[in-house]
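Participant: Have a peek at run.cif (mmCIF, C-alpha atoms).
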```cif
data_target
#
loop_
_atom_site.label_atom_id
_atom_site.label_comp_id
_atom_site.auth_asym_id
_atom_site.auth_seq_id
_atom_site.Cartn_x
_atom_site.Cartn_y
_atom_site.Cartn_z
CA MET A 1 105.63 73.70 103.27
CA LEU A 2 106.54 75.87 100.29
CA GLN A 3 103.74 76.42 97.78
CA TYR A 4 104.54 79.65 95.94
CA LEU A 5 107.47 81.28 94.19
CA THR A 6 107.41 84.98 93.38
CA ILE A 7 109.81 85.96 90.59
CA LEU A 8 110.73 89.63 90.24
CA LEU A 9 111.40 90.21 86.56
CA SER A 10 113.22 93.48 87.24
CA ASP A 11 114.74 95.38 90.12
CA ASN A 12 111.95 97.92 89.78
CA SER A 13 109.11 95.42 89.49
CA VAL A 14 105.96 96.89 90.97
CA SER A 15 105.42 96.49 94.70
CA PHE A 16 102.15 94.78 95.58
CA CYS A 17 102.70 95.03 99.32
CA SER A 18 103.92 97.52 101.95
CA TYR A 19 107.55 97.81 100.81
CA GLU A 20 108.84 100.31 98.27
CA PRO A 21 110.40 98.81 95.11
CA ARG A 22 114.00 99.39 94.12
CA THR A 23 114.60 102.03 91.48
CA LEU A 24 117.30 100.29 89.42
CA SER A 25 116.18 99.00 86.04
CA ARG A 26 117.99 95.67 85.96
CA TRP A 27 116.31 92.62 84.46
CA ILE A 28 116.67 89.11 85.79
CA SER A 29 118.87 87.23 83.33
CA LEU A 30 117.22 84.75 80.99
CA ASP A 31 119.38 82.00 82.50
CA ALA A 32 118.23 82.86 86.02
CA LEU A 33 114.63 83.09 84.84
CA HIS A 34 114.91 79.66 83.21
CA ASP A 35 116.51 78.14 86.30
CA GLY A 36 113.92 79.75 88.56
CA ILE A 37 111.11 78.23 86.54
CA LEU A 38 112.86 74.86 86.64
CA PHE A 39 113.25 75.17 90.42
CA ALA A 40 109.52 75.85 90.77
CA MET A 41 108.67 72.86 88.60
CA LYS A 42 110.88 70.53 90.64
CA GLU A 43 109.45 71.82 93.92
CA ASN A 44 105.87 71.86 92.56
CA LEU A 45 105.47 75.57 93.32
CA ASN A 46 102.94 78.01 91.89
CA ILE A 47 104.68 80.93 90.18
CA GLN A 48 103.71 84.58 90.14
CA PHE A 49 105.72 86.92 87.95
CA VAL A 50 106.00 90.54 89.06
CA TYR A 51 106.38 93.04 86.20
CA PRO A 52 107.85 96.55 86.01
CA ALA A 53 106.23 99.30 83.95
CA GLU A 54 108.71 98.76 81.08
CA PRO A 55 108.02 96.25 78.29
CA LEU A 56 109.81 92.91 78.57
CA PRO A 57 113.01 92.52 76.54
CA ALA A 58 113.11 90.02 73.69
CA GLY A 59 112.87 86.40 74.76
CA TYR A 60 111.34 87.04 78.19
CA GLU A 61 107.68 86.68 77.25
CA ASP A 62 108.27 83.26 75.70
CA MET A 63 110.07 82.14 78.85
CA VAL A 64 107.27 83.44 81.09
CA GLU A 65 104.62 81.71 79.00
CA SER A 66 106.43 78.37 79.19
CA ILE A 67 104.73 77.57 82.51
CA ASP A 68 101.41 78.20 84.24
CA HIS A 69 101.61 81.34 86.33
CA ALA A 70 99.95 84.51 87.58
CA LYS A 71 100.97 87.99 86.44
CA ILE A 72 101.23 90.96 88.81
CA LYS A 73 101.45 94.21 86.84
CA PRO A 74 101.32 97.96 87.44
CA ALA A 75 98.19 99.71 86.20
CA ALA A 76 100.20 101.48 83.47
CA CYS A 77 100.68 98.18 81.59
CA ALA A 78 97.92 95.94 82.91
CA ASP A 79 97.12 93.92 79.77
CA GLY A 80 96.88 90.24 80.63
CA ALA A 81 97.39 90.81 84.34
CA ASP A 82 95.87 88.66 87.05
CA VAL A 83 96.63 91.35 89.63
CA VAL A 84 96.66 95.06 88.77
CA VAL A 85 98.49 97.39 91.17
CA PHE A 86 97.61 101.06 91.64
CA ASN A 87 99.70 103.60 93.50
CA ASP A 88 97.47 106.64 93.28
CA TRP A 89 93.75 107.26 93.57
CA GLN A 90 93.43 109.19 90.33
CA ALA A 91 94.69 106.22 88.33
CA LEU A 92 92.17 103.97 90.05
CA GLN A 93 89.36 106.40 89.22
CA GLN A 94 90.36 106.46 85.57
CA TYR A 95 90.64 102.67 85.25
CA THR A 96 87.78 101.01 83.38
CA ALA A 97 89.13 97.55 82.43
CA PHE A 98 87.74 95.61 85.40
CA ASN A 99 87.97 92.12 83.93
CA GLN A 100 86.43 89.08 85.57
CA GLY A 101 88.89 87.23 87.76
CA VAL A 102 91.38 90.12 87.94
CA ALA A 103 92.28 91.39 91.41
CA ILE A 104 92.78 95.09 92.10
CA VAL A 105 95.48 96.21 94.56
CA MET A 106 95.40 99.79 95.83
CA ARG A 107 98.63 100.80 97.60
CA THR A 108 98.12 103.87 99.72
CA SER A 109 99.30 105.68 102.80
CA VAL A 110 96.96 105.59 105.78
CA GLU A 111 96.18 109.30 105.56
CA ASP A 112 95.43 109.11 101.83
CA PHE A 113 93.11 106.18 102.47
CA LEU A 114 91.27 108.07 105.19
CA ASP A 115 90.83 111.03 102.84
CA ASN A 116 89.92 109.04 99.71
CA HIS A 117 88.36 105.73 100.79
CA ALA A 118 84.96 106.61 99.29
CA LEU A 119 86.66 106.52 95.87
CA LEU A 120 86.70 102.72 96.17
CA HIS A 121 82.98 102.74 95.41
CA ASP A 122 83.29 101.99 91.68
CA ALA A 123 85.98 99.34 92.13
CA LEU A 124 83.94 97.53 94.78
CA ASN A 125 80.87 97.60 92.57
CA VAL A 126 82.65 96.21 89.51
CA ALA A 127 85.77 94.23 90.48
CA ASP A 128 85.76 90.66 91.74
CA ARG A 129 88.44 91.39 94.33
CA VAL A 130 89.89 94.55 95.84
CA ASN A 131 92.90 94.65 98.17
CA VAL A 132 93.95 97.82 99.96
CA ILE A 133 97.59 97.75 101.06
CA PHE A 134 98.99 100.36 103.42
CA THR A 135 102.52 101.62 102.90
CA ASP A 136 102.87 103.05 106.40
CA ALA A 137 100.58 100.99 108.63
CA GLU A 138 103.31 100.76 111.26
CA GLN A 139 102.96 104.51 111.85
CA MET A 140 99.21 104.62 112.52
CA THR A 141 98.18 106.87 115.39
CA ASP A 142 95.29 106.63 117.85
CA ALA A 143 93.51 109.42 115.95
CA GLN A 144 93.90 107.52 112.70
CA PHE A 145 92.62 104.31 114.30
CA ALA A 146 89.40 106.12 115.22
CA ARG A 147 89.02 107.48 111.69
CA TYR A 148 89.87 104.06 110.25
CA GLY A 149 86.90 102.45 111.97
CA LYS A 150 84.61 105.14 110.54
CA ALA A 151 86.06 104.70 107.05
CA LEU A 152 85.46 100.95 107.20
CA ALA A 153 81.87 101.60 108.23
CA VAL A 154 81.39 103.67 105.06
CA LEU A 155 82.94 100.94 102.92
CA SER A 156 80.91 98.30 104.72
CA SER A 157 77.71 99.99 103.55
CA ILE A 158 78.98 99.86 99.97
CA VAL A 159 79.88 96.18 100.26
CA GLU A 160 76.51 95.44 101.87
CA GLN A 161 74.72 96.88 98.84
CA CYS A 162 76.99 94.92 96.52
CA TYR A 163 75.92 91.70 98.22
CA VAL A 164 72.25 92.71 98.12
CA GLN A 165 72.67 93.13 94.36
CA GLN A 166 74.33 89.68 94.18
CA HIS A 167 77.77 91.09 93.46
CA HIS A 168 79.81 89.17 96.01
CA VAL A 169 82.95 91.26 95.87
CA GLN A 170 85.94 90.13 97.89
CA PHE A 171 87.48 93.01 99.85
CA ASN A 172 90.47 92.19 102.01
CA LEU A 173 89.65 94.71 104.75
CA LEU A 174 86.08 93.49 105.26
CA THR A 175 85.09 90.21 103.63
CA ASP A 176 88.18 88.04 104.07
CA ARG A 177 87.47 87.55 107.77
CA LEU A 178 84.00 86.26 106.89
CA MET A 179 85.40 83.56 104.61
CA LEU A 180 88.14 82.21 106.88
CA ASP A 181 88.17 79.67 109.70
CA LYS A 182 91.86 80.00 110.56
CA MET A 183 94.81 82.34 110.10
CA ASN A 184 95.53 83.18 106.46
CA ASN A 185 98.62 85.39 106.50
CA CYS A 186 101.23 86.30 103.91
CA GLY A 187 103.21 83.08 104.36
CA ALA A 188 106.61 84.58 103.52
CA GLY A 189 109.36 82.21 104.60
CA ASP A 190 106.86 79.44 105.24
CA THR A 191 104.67 78.84 102.19
CA SER A 192 106.30 81.32 99.81
CA LEU A 193 109.65 82.75 98.81
CA THR A 194 111.00 85.15 96.21
CA LEU A 195 113.58 84.94 93.43
CA ALA A 196 115.12 88.34 92.70
CA PRO A 197 116.96 89.62 89.60
CA ASP A 198 120.32 88.98 91.30
CA GLY A 199 119.59 85.23 91.10
CA LYS A 200 119.18 84.92 94.88
CA PHE A 201 116.25 83.82 96.99
CA TYR A 202 114.66 86.06 99.62
CA VAL A 203 111.91 85.54 102.16
CA CYS A 204 109.78 88.04 100.22
CA PRO A 205 110.33 90.95 97.81
CA ALA A 206 110.64 93.37 100.72
CA PHE A 207 113.84 91.65 101.84
CA TYR A 208 115.49 91.97 98.41
CA GLY A 209 118.92 93.50 98.82
CA GLU A 210 119.15 92.44 102.46
CA GLU A 211 119.82 88.92 103.71
CA SER A 212 119.35 86.29 101.01
CA ILE A 213 118.25 82.76 101.88
CA GLY A 214 120.09 80.98 99.09
CA ASP A 215 120.55 81.00 95.36
CA LEU A 216 119.78 78.92 92.30
CA LYS A 217 122.94 76.86 92.67
CA SER A 218 122.97 76.11 96.39
CA GLY A 219 119.22 76.06 96.97
CA VAL A 220 117.15 77.57 99.77
CA HIS A 221 118.42 77.74 103.36
CA ILE A 222 116.21 79.70 105.77
CA PRO A 223 117.81 80.19 109.20
CA ASN A 224 115.38 79.42 112.02
CA GLN A 225 112.63 78.71 109.51
CA GLN A 226 110.29 77.59 112.30
CA LEU A 227 109.97 81.22 113.37
CA TYR A 228 108.05 81.97 110.18
CA LYS A 229 105.39 79.42 111.11
CA LEU A 230 102.24 80.25 113.04
CA ASP A 231 102.99 77.63 115.69
CA TYR A 232 105.96 79.73 116.80
CA ALA A 233 103.93 82.93 117.14
CA PRO A 234 102.49 82.52 120.65
CA ILE A 235 100.02 85.41 120.48
CA CYS A 236 99.08 85.17 116.80
CA ARG A 237 98.22 81.49 117.00
CA LYS A 238 95.46 82.27 119.54
CA CYS A 239 94.21 85.39 117.76
CA ASP A 240 91.08 85.27 115.59
CA ALA A 241 91.79 88.30 113.37
CA TRP A 242 92.38 85.67 110.72
CA GLN A 243 92.55 88.18 107.86
CA CYS A 244 95.59 89.94 109.36
CA PRO A 245 98.52 90.01 106.90
CA ARG A 246 100.95 89.35 109.79
CA CYS A 247 103.63 90.77 107.51
CA VAL A 248 106.99 89.31 108.53
CA TRP A 249 108.85 92.27 106.99
CA LEU A 250 106.86 94.75 109.09
CA ASN A 251 107.25 92.47 112.09
CA ARG A 252 111.01 92.54 111.85
CA LYS A 253 111.04 96.24 111.04
CA THR A 254 108.99 97.19 114.09
CA THR A 255 109.68 94.50 116.71
CA LEU A 256 112.93 92.92 115.41
CA GLU A 257 111.15 89.54 115.43
CA VAL A 258 109.63 88.01 112.28
CA ASN A 259 106.87 86.29 114.28
CA THR A 260 105.82 89.26 116.45
CA PRO A 261 103.57 91.98 114.96
CA SER A 262 103.66 95.56 116.15
CA HIS A 263 100.91 97.16 118.22
CA GLU A 264 99.81 99.11 115.17
CA GLN A 265 99.49 96.04 112.97
CA CYS A 266 97.41 94.25 115.62
CA VAL A 267 95.07 97.16 116.34
CA LYS A 268 94.47 97.76 112.62
CA ALA A 269 93.63 94.06 112.12
CA HIS A 270 91.17 94.04 115.01
CA ILE A 271 89.39 97.16 113.81
CA GLU A 272 88.91 95.28 110.51
CA ARG A 273 87.76 92.18 112.38
CA ASN A 274 85.12 94.14 114.24
CA ALA A 275 84.01 95.89 111.04
CA SER A 276 83.61 92.45 109.43
CA ARG A 277 81.39 91.45 112.35
CA ASP A 278 79.21 94.50 111.76
CA LEU A 279 79.09 93.79 108.01
CA LEU A 280 77.96 90.22 108.67
CA ALA A 281 75.09 91.47 110.83
CA ALA A 282 74.12 94.04 108.20
CA ILE A 283 74.02 91.55 105.33
CA ARG A 284 71.92 89.15 107.39
CA LYS A 285 69.18 91.78 107.57
CA HIS A 286 68.55 91.00 103.90
CA GLY A 287 68.29 87.23 104.28
CA THR A 288 70.17 84.14 105.37
CA PHE A 289 73.89 84.63 104.86
CA MET A 290 76.68 82.34 106.03
CA PRO A 291 74.59 80.88 108.89
CA ASP A 292 77.50 78.87 110.28
CA VAL A 293 79.79 81.90 110.69
CA GLU A 294 79.96 83.80 113.96
CA ILE A 295 82.43 86.51 114.96
CA GLN A 296 82.36 86.98 118.70
CA GLU A 297 82.32 90.38 120.34
CA ILE A 298 85.64 91.25 122.01
CA ASP A 299 86.76 93.89 124.50
CA TYR A 300 90.28 94.54 123.16
CA LEU A 301 92.06 95.69 120.02
CA ASP A 302 95.57 94.47 120.81
CA PRO A 303 95.73 90.78 121.78
CA PHE A 304 98.94 91.53 123.69
CA ASP A 305 96.61 92.98 126.33
CA LYS A 306 95.21 89.47 126.82
CA ARG A 307 98.56 87.69 126.97
CA LYS A 308 98.14 86.62 130.62
CA GLU A 309 94.74 85.03 129.90
CA TRP A 310 96.04 83.26 126.82
#
```
Have the structure of the file written as structure tokens, please.
Facilitator:
Amino acid sequence: MLQYLTILLSDNSVSFCSYEPRTLSRWISLDALHDGILFAMKENLNIQFVYPAEPLPAGYEDMVESIDHAKIKPAACADGADVVVFNDWQALQQYTAFNQGVAIVMRTSVEDFLDNHALLHDALNVADRVNVIFTDAEQMTDAQFARYGKALAVLSSIVEQCYVQQHHVQFNLLTDRLMLDKMNNCGAGDTSLTLAPDGKFYVCPAFYGEESIGDLKSGVHIPNQQLYKLDYAPICRKCDAWQCPRCVWLNRKTTLEVNTPSHEQCVKAHIERNASRDLLAAIRKHGTFMPDVEIQEIDYLDPFDKRKEW
């Protein structure tokens, strides 16, 4: 069931996920923005507005503020944001306005993350939530997988100390798995959809400019919508890497099926799962912590290897 509507205010609204944003500077029309808000109200959807780096034209801010919403903004103009997106490590290092309740998103290539992950120290110690998003996860190599596990071990030690000091930071690569009891994926095409500046709906911002799933006049029509649901993902529905994004855009890009992740996406998620297991054991050395949570030891990183058992 749909719960969220993402509205891109401009063609070059900041990307908060794996995809690269468009470069055109075209604003959604005020009429389309109004009708999008009305659509969300009728469907009882939560709205998140995605901003570009440029200031909003006249009349847009009043329209945005006419309804409850969340703001996703690039770090260059982060005032009032609920989610602040960074695209380079230097900008993250220079950022000091870690406000309570504001989430930090760090978009990075895998190699840059492996080289710079220790620079997350300050953000983890101050921010309430930190998300690391990889722009090329589908290209991860076996050598990078090995380094990834070591990088997560370093970050796990930082998070452990945060919890000892009663700063319960949320970090998507390590703590999300501890907090979940079922799959919590991106939900594109199932619980969320996107309205783009062309006045058309898309499964998510990554699909903007490709196949639309309707418009403000005709409504939303998602072909084979069941395929976006977990029940129609035969391997994912038995998997317990519950924090996995299970990105439908990457799925289609790498396997041509929206409900089938690539090998790389699965292995990455299971390295995180195992790191979360180690973090849980480490935090428990300091006292009782989440006594009802257990993450079982496993002997695989790609659940496809267990397909015959499942």
Participant: Of the residues A:Met106, A:Ile271, A:Ala76, A:Ile7, which is the one nearest to Ala153 in chain A, using only C-alpha atoms?
Facilitator: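 Residue with the minimum atom-to-atom distance to Ala153 in chain A: A:Ile271.
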Participant: Considering all atoms listed in the file, state which residue in the set A:Tyr19, A:Asn12, A:Asp190, A:Phe39 is at the smallest distance from Tyr232 in chain A.
Facilitator: A:Asp190
Participant: Once the PyMOL selection byres ((chain A and resi 95) around 12) has been evaluated on this model, what residues remain selected, and can you format them as a list in words?
Facilitator: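 When the PyMOL selection byres ((chain A and resi 95) around 12) is applied, the selected residues are Pro74, Ala75, Ala76, Cys77, Ala78, Val84, Val85, Phe86, Asp88, Trp89, Gln90, Ala91, Leu92, Gln93, Gln94, Thr96, Ala97, Phe98, Asn99, Ile104, Met106, Leu119, Leu120, Asp122, Ala123, Val126 and Ala127 of chain A.
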Participant: Near Asp128 in chain A, counting all atoms listed in the file, which residues have an atom at most 8 Å away, once you skip same-chain residues fewer than 5 positions from it, shown as a compact mmCIF listing (two decimals) with C-alpha atoms, in the coordinates of the input?
Facilitator:
```
# COMPACT_ATOMS: atom_id res chain seq x y z
CA GLN A 100 86.43 89.08 85.57
CA GLY A 101 88.89 87.23 87.76
CA VAL A 102 91.38 90.12 87.94
CA ALA A 103 92.28 91.39 91.41
CA HIS A 168 79.81 89.17 96.01
CA VAL A 169 82.95 91.26 95.87
CA GLN A 170 85.94 90.13 97.89
```
Participant: When you look at range 203-205 of chain A with a cut-off of 9 Å (counting only C-alpha atoms), what residues show up, excluding the ones that are within fewer than 5 positions of it in the same chain? I need them as a PyMOL selection string.
Facilitator: chain A and resi 6-8+15+17+19+21+188-190+192-196+211-213+222+248-249
Participant: Could you check how far CA of Trp242 in chain A sits from CA of Phe145 in chain A, in Å to one decimal?
Facilitator: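 Calculated distance between CA of Trp242 in chain A and CA of Phe145 in chain A is 19.0 Å.
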Participant: Do you know which residues the PyMOL selection byres ((chain A and resi 25-38) around 6) returns on this file, as an MDAnalysis selection string?
Facilitator: chainID A and resid 9:12 24 39:41 197 199
Participant: Once the PyMOL selection byres ((chain A and resi 263) around 9) has been applied to the shown file, what residues remain in the selection, as an NGL selection string?
Facilitator: :A and (138 or 261-262 or 264-268 or 302-304)
